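K.L.:
File follows, start.txt with compact mmCIF, C-alpha atoms and all ligand atoms:
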```txt
# COMPACT_ATOMS: atom_id res chain seq x y z
CA MET A 1 76.19 -69.12 152.60
CA SER A 2 73.11 -67.70 154.31
CA ASP A 3 71.23 -70.66 152.84
CA LEU A 4 73.52 -72.79 154.96
CA ILE A 5 72.53 -70.84 158.09
CA GLU A 6 68.84 -71.37 157.23
CA LYS A 7 69.51 -75.07 156.85
CA ALA A 8 71.44 -75.24 160.13
CA LEU A 9 68.64 -73.50 162.03
CA GLN A 10 66.36 -76.44 161.24
CA THR A 11 68.51 -78.72 163.39
CA SER A 12 69.77 -76.36 166.09
CA THR A 13 68.27 -77.20 169.46
CA ASP A 14 68.13 -73.70 171.00
CA THR A 15 68.72 -71.07 168.33
CA LYS A 16 65.63 -70.27 166.28
CA ALA A 17 66.74 -67.19 164.33
CA VAL A 18 69.96 -65.73 162.96
CA LEU A 19 70.15 -62.38 161.22
CA ALA A 20 73.53 -61.80 159.58
CA GLY A 21 74.58 -59.01 157.27
CA GLU A 22 75.64 -55.40 156.93
CA GLN A 23 73.61 -53.05 159.15
CA ALA A 24 71.77 -56.04 160.65
CA ILE A 25 71.11 -54.10 163.86
CA ASP A 26 68.58 -51.98 161.95
CA SER A 27 66.35 -55.08 161.82
CA VAL A 28 66.87 -56.27 165.40
CA ALA A 29 63.25 -55.48 166.39
CA GLU A 30 61.87 -57.83 163.73
CA VAL A 31 64.03 -60.71 164.89
CA PHE A 32 63.20 -59.94 168.52
CA THR A 33 59.45 -59.85 167.95
CA ALA A 34 59.46 -62.93 165.72
CA THR A 35 61.28 -64.87 168.44
CA PHE A 36 59.84 -63.46 171.68
CA GLY A 37 56.51 -61.91 170.68
CA GLN A 38 55.43 -58.86 172.69
CA ARG A 39 57.76 -59.38 175.64
CA PRO A 40 59.90 -56.42 176.78
CA ALA A 41 63.66 -56.36 176.22
CA VAL A 42 66.62 -55.47 178.44
CA VAL A 43 69.97 -54.73 176.82
CA VAL A 44 73.11 -55.89 178.64
CA GLY A 45 76.45 -54.44 177.56
CA ASP A 46 79.55 -52.73 178.81
CA GLU A 47 80.54 -49.11 178.29
CA ARG A 48 82.39 -49.90 175.07
CA THR A 49 79.76 -52.15 173.48
CA MET A 50 76.95 -49.76 174.40
CA ALA A 51 78.76 -47.06 172.46
CA VAL A 52 79.50 -49.17 169.37
CA ALA A 53 76.16 -51.02 169.19
CA GLY A 54 74.06 -51.13 172.38
CA ASN A 55 72.58 -47.66 172.08
CA ALA A 56 71.75 -48.29 168.42
CA VAL A 57 70.10 -51.58 169.40
CA ILE A 58 67.89 -49.77 171.93
CA GLU A 59 66.89 -47.17 169.35
CA ALA A 60 66.09 -49.85 166.76
CA LEU A 61 64.03 -51.84 169.28
CA LYS A 62 62.03 -48.77 170.28
CA ALA A 63 61.49 -47.81 166.64
CA GLY A 64 60.19 -51.33 166.03
CA GLY A 65 57.67 -51.02 168.87
CA VAL A 66 59.49 -53.18 171.43
CA GLU A 67 59.17 -52.14 175.06
CA VAL A 68 62.70 -51.63 176.41
CA ALA A 69 63.77 -51.61 180.08
CA ASP A 70 66.78 -49.57 181.27
CA PRO A 71 69.94 -51.31 180.07
CA TYR A 72 72.36 -53.02 182.43
CA VAL A 73 75.85 -51.69 181.68
CA PHE A 74 79.03 -53.21 183.12
CA PRO A 75 81.80 -50.66 183.71
CA GLY A 76 84.44 -50.45 180.98
CA ASP A 77 87.32 -50.31 183.43
CA PRO A 78 88.63 -52.72 184.55
CA GLU A 79 87.97 -54.69 181.40
CA LEU A 80 85.07 -57.11 181.91
CA TYR A 81 86.20 -60.64 182.74
CA ALA A 82 84.14 -63.82 182.32
CA LYS A 83 84.25 -64.84 185.97
CA TYR A 84 81.40 -66.53 187.78
CA GLU A 85 80.86 -63.59 190.16
CA ASN A 86 79.74 -61.52 187.15
CA CYS A 87 77.21 -64.21 186.17
CA GLU A 88 75.76 -64.21 189.70
CA LEU A 89 75.62 -60.43 189.78
CA LEU A 90 73.81 -60.20 186.46
CA ARG A 91 71.47 -63.08 187.28
CA ASP A 92 70.35 -61.31 190.46
CA VAL A 93 69.76 -58.08 188.53
CA LEU A 94 67.82 -59.82 185.74
CA ARG A 95 65.69 -61.80 188.16
CA ASP A 96 63.87 -58.60 189.12
CA ILE A 97 63.37 -57.41 185.54
CA ASP A 98 60.58 -59.05 183.55
CA ALA A 99 62.27 -58.82 180.15
CA VAL A 100 64.24 -60.84 177.59
CA PRO A 101 67.99 -60.15 177.90
CA LEU A 102 69.85 -58.92 174.81
CA ALA A 103 73.59 -59.42 175.17
CA VAL A 104 75.43 -56.77 173.16
CA GLY A 105 79.08 -57.72 173.05
CA ALA A 106 81.61 -60.41 172.19
CA GLY A 107 82.67 -63.62 173.91
CA THR A 108 82.97 -62.36 177.48
CA LEU A 109 79.64 -60.57 177.57
CA ASN A 110 77.86 -63.35 175.71
CA ASP A 111 79.22 -65.97 178.11
CA ILE A 112 78.11 -63.98 181.16
CA VAL A 113 74.61 -63.27 179.81
CA LYS A 114 74.25 -66.82 178.48
CA ARG A 115 74.98 -68.34 181.88
CA ALA A 116 72.93 -65.80 183.86
CA SER A 117 69.94 -66.29 181.52
CA GLY A 118 70.39 -70.04 181.68
CA GLU A 119 70.23 -69.99 185.47
CA LEU A 120 66.95 -68.08 185.21
CA ASP A 121 65.60 -70.46 182.52
CA ARG A 122 65.14 -67.39 180.35
CA PRO A 123 65.87 -67.37 176.60
CA TYR A 124 68.03 -64.49 175.36
CA LEU A 125 69.28 -62.84 172.18
CA VAL A 126 72.88 -61.97 171.35
CA VAL A 127 74.04 -59.07 169.20
CA CYS A 128 77.63 -59.92 168.23
CA THR A 129 80.06 -57.01 168.23
CA ALA A 130 83.16 -58.88 167.01
CA ALA A 131 83.98 -61.95 164.90
CA SER A 132 86.11 -63.18 167.79
CA MET A 133 85.11 -66.83 168.46
CA ASP A 134 82.47 -69.42 167.62
CA GLY A 135 80.70 -69.37 170.99
CA TYR A 136 77.88 -66.99 170.08
CA THR A 137 75.61 -69.73 168.80
CA ALA A 138 77.01 -72.57 170.91
CA PHE A 139 75.63 -73.94 174.16
CA GLY A 140 77.79 -73.60 177.30
CA SER A 141 79.77 -70.67 178.69
CA SER A 142 83.49 -70.43 179.25
CA ILE A 143 83.64 -68.96 182.76
CA ALA A 144 86.44 -68.66 185.32
CA VAL A 145 85.50 -70.27 188.62
CA ASP A 146 88.05 -69.65 191.40
CA GLY A 147 90.45 -68.31 188.78
CA TYR A 148 90.27 -71.25 186.35
CA LYS A 149 88.31 -71.33 183.09
CA GLN A 150 85.64 -74.02 182.86
CA THR A 151 82.78 -74.69 180.49
CA LEU A 152 79.53 -74.25 182.42
CA ASN A 153 76.29 -75.68 181.03
CA CYS A 154 73.63 -73.37 179.62
CA PRO A 155 71.56 -73.21 176.42
CA ALA A 156 72.63 -71.29 173.31
CA PRO A 157 70.83 -68.02 172.54
CA ALA A 158 67.32 -68.20 171.07
CA ALA A 159 68.34 -65.63 168.47
CA CYS A 160 71.55 -64.10 167.12
CA VAL A 161 72.16 -60.85 165.26
CA ALA A 162 75.53 -60.58 163.51
CA ASP A 163 76.04 -57.07 162.17
CA TRP A 164 79.04 -57.26 159.84
CA THR A 165 79.57 -53.52 159.83
CA VAL A 166 79.92 -53.42 163.61
CA MET A 167 82.00 -56.60 163.67
CA ALA A 168 84.43 -55.34 160.99
CA ALA A 169 85.01 -52.19 163.04
CA ALA A 170 85.91 -54.15 166.20
CA PRO A 171 89.50 -54.04 167.47
CA GLN A 172 91.59 -55.98 164.97
CA VAL A 173 92.88 -58.30 167.68
CA MET A 174 89.32 -59.64 168.11
CA THR A 175 88.88 -60.49 164.43
CA ALA A 176 92.29 -62.18 164.53
CA SER A 177 91.07 -64.24 167.50
CA GLY A 178 88.02 -65.41 165.56
CA TYR A 179 90.27 -66.31 162.66
CA GLY A 180 92.37 -68.49 164.97
CA ASP A 181 89.29 -70.22 166.37
CA LEU A 182 87.92 -70.93 162.89
CA LEU A 183 91.28 -72.09 161.52
CA GLY A 184 91.24 -74.74 164.27
CA LYS A 185 88.45 -76.52 162.39
CA VAL A 186 91.06 -77.68 159.86
CA PRO A 187 93.04 -79.97 162.22
CA ALA A 188 89.81 -80.68 164.14
CA GLY A 189 88.38 -82.14 160.93
CA ALA A 190 91.43 -84.39 160.51
CA ASP A 191 90.96 -85.67 164.06
CA TRP A 192 87.33 -86.48 163.35
CA ILE A 193 88.33 -88.35 160.17
CA ILE A 194 90.67 -90.50 162.28
CA ALA A 195 88.06 -91.06 165.00
CA ASP A 196 85.52 -92.02 162.35
CA ALA A 197 87.84 -94.41 160.50
CA LEU A 198 88.85 -96.21 163.69
CA GLY A 199 85.32 -96.54 165.04
CA ALA A 200 85.84 -94.12 167.95
CA GLU A 201 83.29 -91.51 166.81
CA ALA A 202 81.39 -91.57 163.53
CA ILE A 203 81.24 -88.54 161.26
CA ASP A 204 77.78 -87.09 160.72
CA ASP A 205 77.94 -85.99 157.08
CA TYR A 206 75.34 -83.28 157.49
CA VAL A 207 77.05 -81.67 160.48
CA TRP A 208 80.45 -82.10 158.84
CA GLY A 209 79.20 -80.14 155.85
CA LEU A 210 77.92 -77.28 158.02
CA VAL A 211 81.43 -76.60 159.33
CA GLN A 212 83.80 -77.92 156.69
CA GLY A 213 81.74 -76.87 153.65
CA PRO A 214 82.28 -73.10 153.91
CA LEU A 215 85.52 -73.32 155.92
CA ARG A 216 88.16 -72.77 153.22
CA ALA A 217 86.32 -69.74 151.84
CA SER A 218 85.97 -68.21 155.30
CA LEU A 219 89.72 -68.58 155.88
CA ALA A 220 90.83 -67.40 152.45
CA LYS A 221 91.26 -63.66 153.08
CA PRO A 222 93.38 -63.07 156.18
CA GLU A 223 94.88 -59.82 154.82
CA ALA A 224 91.42 -58.38 154.13
CA LEU A 225 90.33 -59.33 157.67
CA ALA A 226 93.33 -57.55 159.14
CA ALA A 227 92.34 -54.46 157.13
CA GLY A 228 88.80 -54.49 158.54
CA ASP A 229 87.14 -55.43 155.24
CA VAL A 230 83.38 -55.81 155.81
CA PRO A 231 82.53 -58.67 153.37
CA ALA A 232 85.57 -60.71 154.51
CA THR A 233 84.55 -60.17 158.14
CA GLY A 234 81.05 -61.29 157.18
CA GLU A 235 82.41 -64.56 155.77
CA LEU A 236 84.43 -65.16 158.90
CA ALA A 237 81.41 -64.34 161.08
CA GLU A 238 79.21 -66.75 159.16
CA GLY A 239 81.81 -69.49 159.49
CA LEU A 240 81.86 -68.93 163.25
CA VAL A 241 78.06 -68.83 163.51
CA MET A 242 77.83 -72.05 161.47
CA SER A 243 80.30 -73.73 163.78
CA GLY A 244 78.12 -72.93 166.81
CA LEU A 245 74.99 -74.16 165.06
CA ALA A 246 76.76 -77.37 164.06
CA MET A 247 77.63 -78.01 167.71
CA GLN A 248 73.94 -77.57 168.56
CA ALA A 249 72.89 -79.98 165.81
CA HIS A 250 75.46 -82.54 166.97
CA GLU A 251 74.88 -81.84 170.69
CA SER A 252 78.64 -81.93 171.09
CA SER A 253 81.65 -79.75 170.30
CA ARG A 254 83.20 -82.50 168.15
CA PRO A 255 82.40 -80.73 164.83
CA ALA A 256 84.43 -77.70 165.97
CA SER A 257 87.09 -79.01 168.28
CA GLY A 258 89.96 -81.49 168.23
CA ALA A 259 93.48 -81.71 169.62
CA GLU A 260 94.17 -78.01 168.87
CA HIS A 261 91.37 -77.13 171.29
CA GLN A 262 92.80 -79.51 173.87
CA PHE A 263 96.03 -77.48 173.73
CA SER A 264 93.98 -74.33 174.25
CA HIS A 265 91.76 -75.81 176.98
CA LEU A 266 94.74 -77.06 178.94
CA TRP A 267 96.26 -73.58 178.98
CA GLU A 268 92.87 -72.10 179.92
CA MET A 269 92.23 -74.62 182.69
CA GLU A 270 95.64 -73.89 184.18
CA GLY A 271 95.00 -70.16 184.09
CA HIS A 272 97.83 -69.44 181.68
CA GLY A 273 97.93 -65.74 180.95
CA VAL A 274 95.03 -64.59 183.14
CA ASP A 275 97.41 -61.91 184.42
CA ILE A 276 98.00 -60.73 180.86
CA LYS A 277 95.27 -58.66 179.22
CA PRO A 278 92.58 -61.22 178.37
CA ARG A 279 92.34 -60.39 174.70
CA ARG A 280 96.03 -60.92 174.08
CA LEU A 281 95.49 -64.48 175.20
CA SER A 282 92.02 -64.95 173.83
CA HIS A 283 90.61 -68.41 173.23
CA GLY A 284 91.21 -68.03 169.49
CA PHE A 285 94.85 -67.08 169.99
CA LYS A 286 95.48 -70.23 171.99
CA VAL A 287 93.65 -72.32 169.38
CA ALA A 288 95.78 -70.66 166.68
CA VAL A 289 99.03 -71.83 168.26
CA GLY A 290 97.50 -75.23 169.05
CA SER A 291 96.51 -75.62 165.39
CA VAL A 292 100.04 -75.01 164.15
CA ALA A 293 101.37 -77.42 166.78
CA VAL A 294 98.99 -80.20 165.75
CA ALA A 295 99.52 -79.67 162.01
CA ALA A 296 103.29 -79.96 162.49
CA LEU A 297 102.76 -83.21 164.42
CA TYR A 298 100.59 -84.63 161.64
CA GLU A 299 103.35 -83.92 159.13
CA ARG A 300 105.85 -86.00 161.13
CA PHE A 301 103.22 -88.74 161.52
CA PHE A 302 102.70 -88.94 157.74
CA GLU A 303 106.39 -89.73 157.22
CA ARG A 304 105.99 -92.98 159.15
CA ASP A 305 105.43 -96.27 157.36
CA ILE A 306 102.10 -97.13 158.99
CA ALA A 307 101.16 -99.67 156.31
CA ASN A 308 104.02 -101.82 157.63
CA LEU A 309 103.42 -101.09 161.28
CA ASP A 310 104.73 -103.55 163.88
CA VAL A 311 101.49 -104.03 165.83
CA ASP A 312 103.03 -106.41 168.39
CA ALA A 313 105.65 -103.86 169.35
CA ALA A 314 103.08 -101.07 169.75
CA VAL A 315 100.79 -103.26 171.87
CA ALA A 316 103.71 -104.28 174.07
CA ALA A 317 104.69 -100.63 174.63
CA TYR A 318 101.19 -99.37 175.53
CA PRO A 319 100.80 -98.47 179.24
CA ASP A 320 98.47 -100.71 181.26
CA ALA A 321 95.69 -99.06 183.29
CA ALA A 322 97.82 -98.48 186.38
CA ALA A 323 100.66 -96.97 184.37
CA MET A 324 98.30 -94.80 182.35
CA GLU A 325 96.68 -93.43 185.49
CA ALA A 326 100.05 -92.78 187.13
CA ARG A 327 101.22 -90.96 184.01
CA SER A 328 98.19 -88.63 184.15
CA ARG A 329 98.51 -88.00 187.86
CA ALA A 330 102.14 -87.03 187.50
CA ALA A 331 101.45 -84.59 184.67
CA HIS A 332 98.70 -82.35 186.07
CA GLN A 333 98.05 -79.74 188.71
CA PRO A 334 96.22 -80.87 191.89
CA HIS A 335 93.00 -78.98 191.11
CA LEU A 336 92.68 -80.77 187.76
CA VAL A 337 94.06 -84.22 188.42
CA GLU A 338 90.94 -86.17 189.45
CA GLU A 339 88.96 -85.05 186.39
CA VAL A 340 91.97 -85.64 184.13
CA VAL A 341 92.20 -89.24 185.35
CA VAL A 342 88.50 -89.81 184.57
CA GLN A 343 88.92 -88.41 181.05
CA THR A 344 92.15 -90.31 180.35
CA MET A 345 90.89 -93.65 181.59
CA ALA A 346 87.65 -93.36 179.58
CA LYS A 347 89.72 -93.96 176.44
CA HIS A 348 92.20 -96.48 177.79
CA LEU A 349 92.20 -99.72 175.81
CA THR A 350 92.77 -103.36 176.67
CA PRO A 351 95.60 -105.02 174.69
CA GLU A 352 92.95 -106.81 172.57
CA GLN A 353 91.12 -103.57 171.76
CA LEU A 354 94.40 -101.86 170.91
CA ARG A 355 95.49 -104.69 168.63
CA GLU A 356 92.18 -104.60 166.80
CA ARG A 357 92.38 -100.82 166.34
CA LEU A 358 95.96 -100.87 165.06
CA GLU A 359 95.28 -103.71 162.63
CA LEU A 360 92.35 -101.67 161.32
CA LEU A 361 94.55 -98.58 160.97
CA LYS A 362 97.17 -100.57 159.09
CA SER A 363 94.62 -101.88 156.62
CA LEU A 364 92.97 -98.48 156.13
CA TRP A 365 96.16 -96.42 155.92
CA PRO A 366 96.53 -96.38 152.10
CA THR A 367 93.10 -94.66 151.81
CA LEU A 368 93.15 -92.78 155.13
CA LEU A 369 96.47 -91.02 154.55
CA PRO A 370 95.41 -89.15 151.39
CA LYS A 371 92.13 -88.14 153.06
CA LEU A 372 94.00 -86.64 155.99
CA GLN A 373 96.48 -84.89 153.72
CA GLU A 374 93.63 -83.37 151.74
CA GLN A 375 91.96 -82.12 154.92
CA LEU A 376 95.06 -80.57 156.46
CA ILE A 377 97.00 -77.43 155.59
CA PRO A 378 100.81 -77.46 156.11
CA ALA A 379 101.89 -76.00 159.47
CA ALA A 380 104.10 -73.41 157.78
CA GLU A 381 101.17 -72.25 155.64
CA LEU A 382 98.94 -72.04 158.73
CA GLN A 383 101.57 -69.79 160.31
CA ARG A 384 101.59 -67.54 157.25
CA MET A 385 97.77 -67.30 157.25
CA LEU A 386 97.60 -66.56 160.98
CA ARG A 387 100.26 -63.87 160.79
CA ALA A 388 98.53 -62.26 157.83
CA ALA A 389 95.37 -62.05 159.94
CA GLY A 390 97.32 -60.58 162.86
CA ALA A 391 97.03 -63.73 164.98
CA PRO A 392 99.83 -65.50 166.89
CA ALA A 393 101.51 -68.43 165.19
CA HIS A 394 104.26 -69.34 167.65
CA PRO A 395 104.26 -70.27 171.37
CA TYR A 396 106.36 -67.22 172.22
CA ASP A 397 103.58 -65.03 170.79
CA ILE A 398 101.33 -66.20 173.64
CA GLU A 399 104.09 -66.10 176.25
CA LEU A 400 104.56 -69.84 176.64
CA THR A 401 108.04 -71.06 177.51
CA TRP A 402 109.60 -73.70 175.31
CA PRO A 403 109.37 -76.52 177.93
CA GLU A 404 105.74 -75.62 178.75
CA PHE A 405 104.84 -75.71 175.10
CA LYS A 406 106.64 -78.96 174.35
CA ALA A 407 105.04 -80.74 177.32
CA THR A 408 101.58 -79.71 176.12
CA TYR A 409 101.79 -82.31 173.34
CA GLN A 410 101.65 -85.11 175.94
CA ARG A 411 99.57 -83.34 178.58
CA ALA A 412 96.78 -82.15 176.29
CA GLN A 413 96.00 -85.75 175.33
CA MET A 414 94.90 -86.47 178.90
CA ILE A 415 92.33 -83.76 179.58
CA ARG A 416 89.40 -84.84 177.41
CA LYS A 417 88.04 -88.25 176.52
CA ARG A 418 87.60 -87.04 172.90
CA TYR A 419 89.69 -89.20 170.55
CA THR A 420 92.25 -87.25 168.52
CA VAL A 421 95.56 -87.76 166.73
CA LEU A 422 97.26 -87.44 170.13
CA ASP A 423 95.52 -90.63 171.27
CA LEU A 424 96.32 -92.50 168.10
CA LEU A 425 100.00 -91.56 168.34
CA LEU A 426 100.08 -92.62 172.00
CA GLU A 427 98.57 -95.96 170.97
CA LEU A 428 101.17 -96.29 168.22
CA ASN A 429 103.94 -95.53 170.77
CA LEU A 430 104.91 -92.65 168.49
CA LEU A 431 103.80 -89.61 170.47
CA ASP A 432 106.97 -89.03 172.50
CA GLU A 433 109.20 -89.89 169.55
CA LEU A 434 107.51 -87.54 167.08
CA VAL A 435 107.43 -84.70 169.61
CA GLU A 436 111.17 -85.14 170.17
CA GLU A 437 111.68 -84.93 166.41
CA LEU A 438 109.74 -81.67 166.19
CA PHE A 439 112.13 -80.06 168.68
CA ALA A 440 115.35 -81.78 167.51
CA PRO A 441 117.66 -80.23 164.88
CA GLY A 442 115.83 -80.12 161.56
CA GLY A 443 112.42 -80.38 163.26
CA PHE A 444 109.62 -77.88 162.66
CA TRP A 445 109.93 -76.17 166.05
CA ALA A 446 113.71 -76.46 166.41
CA GLU A 447 114.02 -74.25 163.36
CA GLN A 448 111.94 -71.57 165.09
CA GLU A 449 113.31 -71.44 168.62
ZN ZN B 501 86.95 -72.65 169.89
```
Step by step, read the file and then write its structure as structure tokens.
Ligand SMILES: [Zn+2]

P.N.:
Amino acid sequence: MSDLIEKALQTSTDTKAVLAGEQAIDSVAEVFTATFGQRPAVVVGDERTMAVAGNAVIEALKAGGVEVADPYVFPGDPELYAKYENCELLRDVLRDIDAVPLAVGAGTLNDIVKRASGELDRPYLVVCTAASMDGYTAFGSSIAVDGYKQTLNCPAPAACVADWTVMAAAPQVMTASGYGDLLGKVPAGADWIIADALGAEAIDDYVWGLVQGPLRASLAKPEALAAGDVPATGELAEGLVMSGLAMQAHESSRPASGAEHQFSHLWEMEGHGVDIKPRRLSHGFKVAVGSVAVAALYERFFERDIANLDVDAAVAAYPDAAAMEARSRAAHQPHLVEEVVVQTMAKHLTPEQLRERLELLKSLWPTLLPKLQEQLIPAAELQRMLRAAGAPAHPYDIELTWPEFKATYQRAQMIRKRYTVLDLLLELNLLDELVEELFAPGGFWAEQE
């Protein structure tokens, strides 16, 4: 799989080097010098990550002849949070230090250093301490501004060091989070197949292969991941790194994100669980539950006779622009509503466009259905895999109430212009009906309340 990383680096826009393997930190000086030449380095970590990796990184840099400034260490208590104030604080510290930042940590630390470095137009290197999400090698930072998570623009790291030994020893909940984030690429792939077939967004075969090629293998050993197995953690880590590089190559998160991420993003944007310890409601944990939710919806969808679809009835039922906007306004919190309306209306169709799309779907269905079925994994199997990895697989696991969870099926569709199965089902006038079925007696979720 490392050949795949080499291949992906040829098309990544920001990341020039990835070193992945057991004891990779021992070689951090080589990667640093190859990427940044003779410039000095400054390590940024928190008390925990300095102990597990940061101090070793400093020693390895010094041994390799790199000039190292005093590290910047965030306090370990309270637990570091990815809020914008921390980006500003770090940016102001780094501005006065003429050195390349090395983030030593997981998602939170990487996001803070990525944004702070970005604001200074300074490239940086990340040393990953947990296989906890796919954001290491992606552009953009997930940062809370005024209490709500947003994706802020900034380049991906210039170099990435993924030390499997360190990552396998991370708290198990972090590996489980990464597993949830990676598992989301299964339904995300199905959404891209639909978007491609219906002319909404074409699949790039090369980028598709970067993510989907190694995906099944990376997801195959959840029990070993839960046990802290180093090679299994390495496979997960590589899958996550590949996902970030694919987003760089595609200059979009489409290769790694579909409706399951819209579930997660909605909960993040609304601040769900910020009062709970962040890791318990990590990004990957929300994606995990979103993935099960979307897979269950697909299964209901596949039972419908789309080849004999009544296109006239679906076109007649589709909300016009005014109704669509009103529906979005009624469903979202005041701080989100204006942006939600922009995103929703960007994918609203005229009756003629809708008719054309549904006729196309009808004609393609006999070949599209088996492709989607081959891509997807049954929702019940996803739950088994997630639980084996120690990840949540049910809305109660992430402290969502039943009504909140159920309403997410409709509300998540509105928050991004990206075309997913949620949009197609809305266009088919099936979204509300299928969601009701999931929660009615005999439905996937009704069985689990
Ligand atoms: Zn993700």

K.L.:
Within 7 Å of ligand ZN 501 (chain B), which residues show up when you count only C-alpha atoms and all ligand atoms? List them as a ChimeraX atom specification, please.

P.N.:
/A:133-134,181,256-257,261,283-284,287

K.L.:
My list of candidates is A:Phe405, A:Phe32, A:Trp164, A:Tyr84. Which is closest to Cys128 of chain A when distances are computed with all atoms listed in the file?

P.N.:
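Result for the nearest residue to Cys128 of chain A: A:Trp164.
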
K.L.:
In Å, rounded to a single decimal, give me how far atom CA of Val435 of chain A is from atom CA of Lys406 of chain A.

P.N.:
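According to the coordinates, atom CA of Lys406 of chain A and atom CA of Val435 of chain A are separated by 7.5 Å.
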
K.L.:
Between atom CA of Ala197 of chain A and atom CA of Leu354 of chain A, what is the distance, to one decimal in Å?

P.N.:
14.4 Å

K.L.:
Write out as a tab-separated table (two decimals) with C-alpha atoms, in the frame of the given file each polymer residue whose atoms come within 12 Å of Gly199 of chain A, counting all atoms listed in the file; drop sequence neighbours fewer than 6 positions from it.

P.N.:
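Printed below is result.tsv as written:
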```
chain	number	residue	atom	x	y	z
A	192	TRP	CA	87.33	-86.48	163.35
A	193	ILE	CA	88.33	-88.35	160.17
A	353	GLN	CA	91.12	-103.57	171.76
A	356	GLU	CA	92.18	-104.60	166.80
A	357	ARG	CA	92.38	-100.82	166.34
A	358	LEU	CA	95.96	-100.87	165.06
A	360	LEU	CA	92.35	-101.67	161.32
A	361	LEU	CA	94.55	-98.58	160.97
A	364	LEU	CA	92.97	-98.48	156.13
A	419	TYR	CA	89.69	-89.20	170.55
```

K.L.:
For Trp445 of chain A, which residue among A:Met414, A:Lys7, A:Leu297, A:Glu404 is the nearest when counting only C-alpha atoms?

P.N.:
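Of the candidates, the smallest distance to Trp445 of chain A is held by A:Leu297.
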
K.L.:
My list of candidates is A:Leu372, A:Ala103, A:Met167, A:Ala202. Which is closest to Phe302 of chain A when distances are computed with all atoms listed in the file?

P.N.:
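Between A:Leu372, A:Ala103, A:Met167, A:Ala202, the residue approaching Phe302 of chain A most closely is A:Leu372.
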
K.L.:
Counting only C-alpha atoms, select every polymer residue within 6 Å of (94.6, -73.1, 162.8) as defined in the file's coordinates, and provide the selection as an mmCIF file with C-alpha atoms, in the frame of the given file.

P.N.:
```cif
data_model
loop_
_atom_site.group_PDB
_atom_site.id
_atom_site.type_symbol
_atom_site.label_atom_id
_atom_site.label_comp_id
_atom_site.auth_asym_id
_atom_site.auth_seq_id
_atom_site.Cartn_x
_atom_site.Cartn_y
_atom_site.Cartn_z
ATOM 1 C CA GLY A 180 92.370 -68.490 164.970
ATOM 2 C CA LEU A 183 91.280 -72.090 161.520
ATOM 3 C CA GLY A 184 91.240 -74.740 164.270
ATOM 4 C CA ALA A 288 95.780 -70.660 166.680
ATOM 5 C CA SER A 291 96.510 -75.620 165.390
ATOM 6 C CA VAL A 292 100.040 -75.010 164.150
#
```

K.L.:
With all atoms listed in the file counted, which protein, DNA or RNA residues have an atom no more than 12 Å from (90.3, -77.9, 163.3) in the file frame? Please answer as a ChimeraX atom specification.

P.N.:
/A:179-193,208,211-212,215-216,219,243,253-263,284,287-295,372,375-377,382,420-421
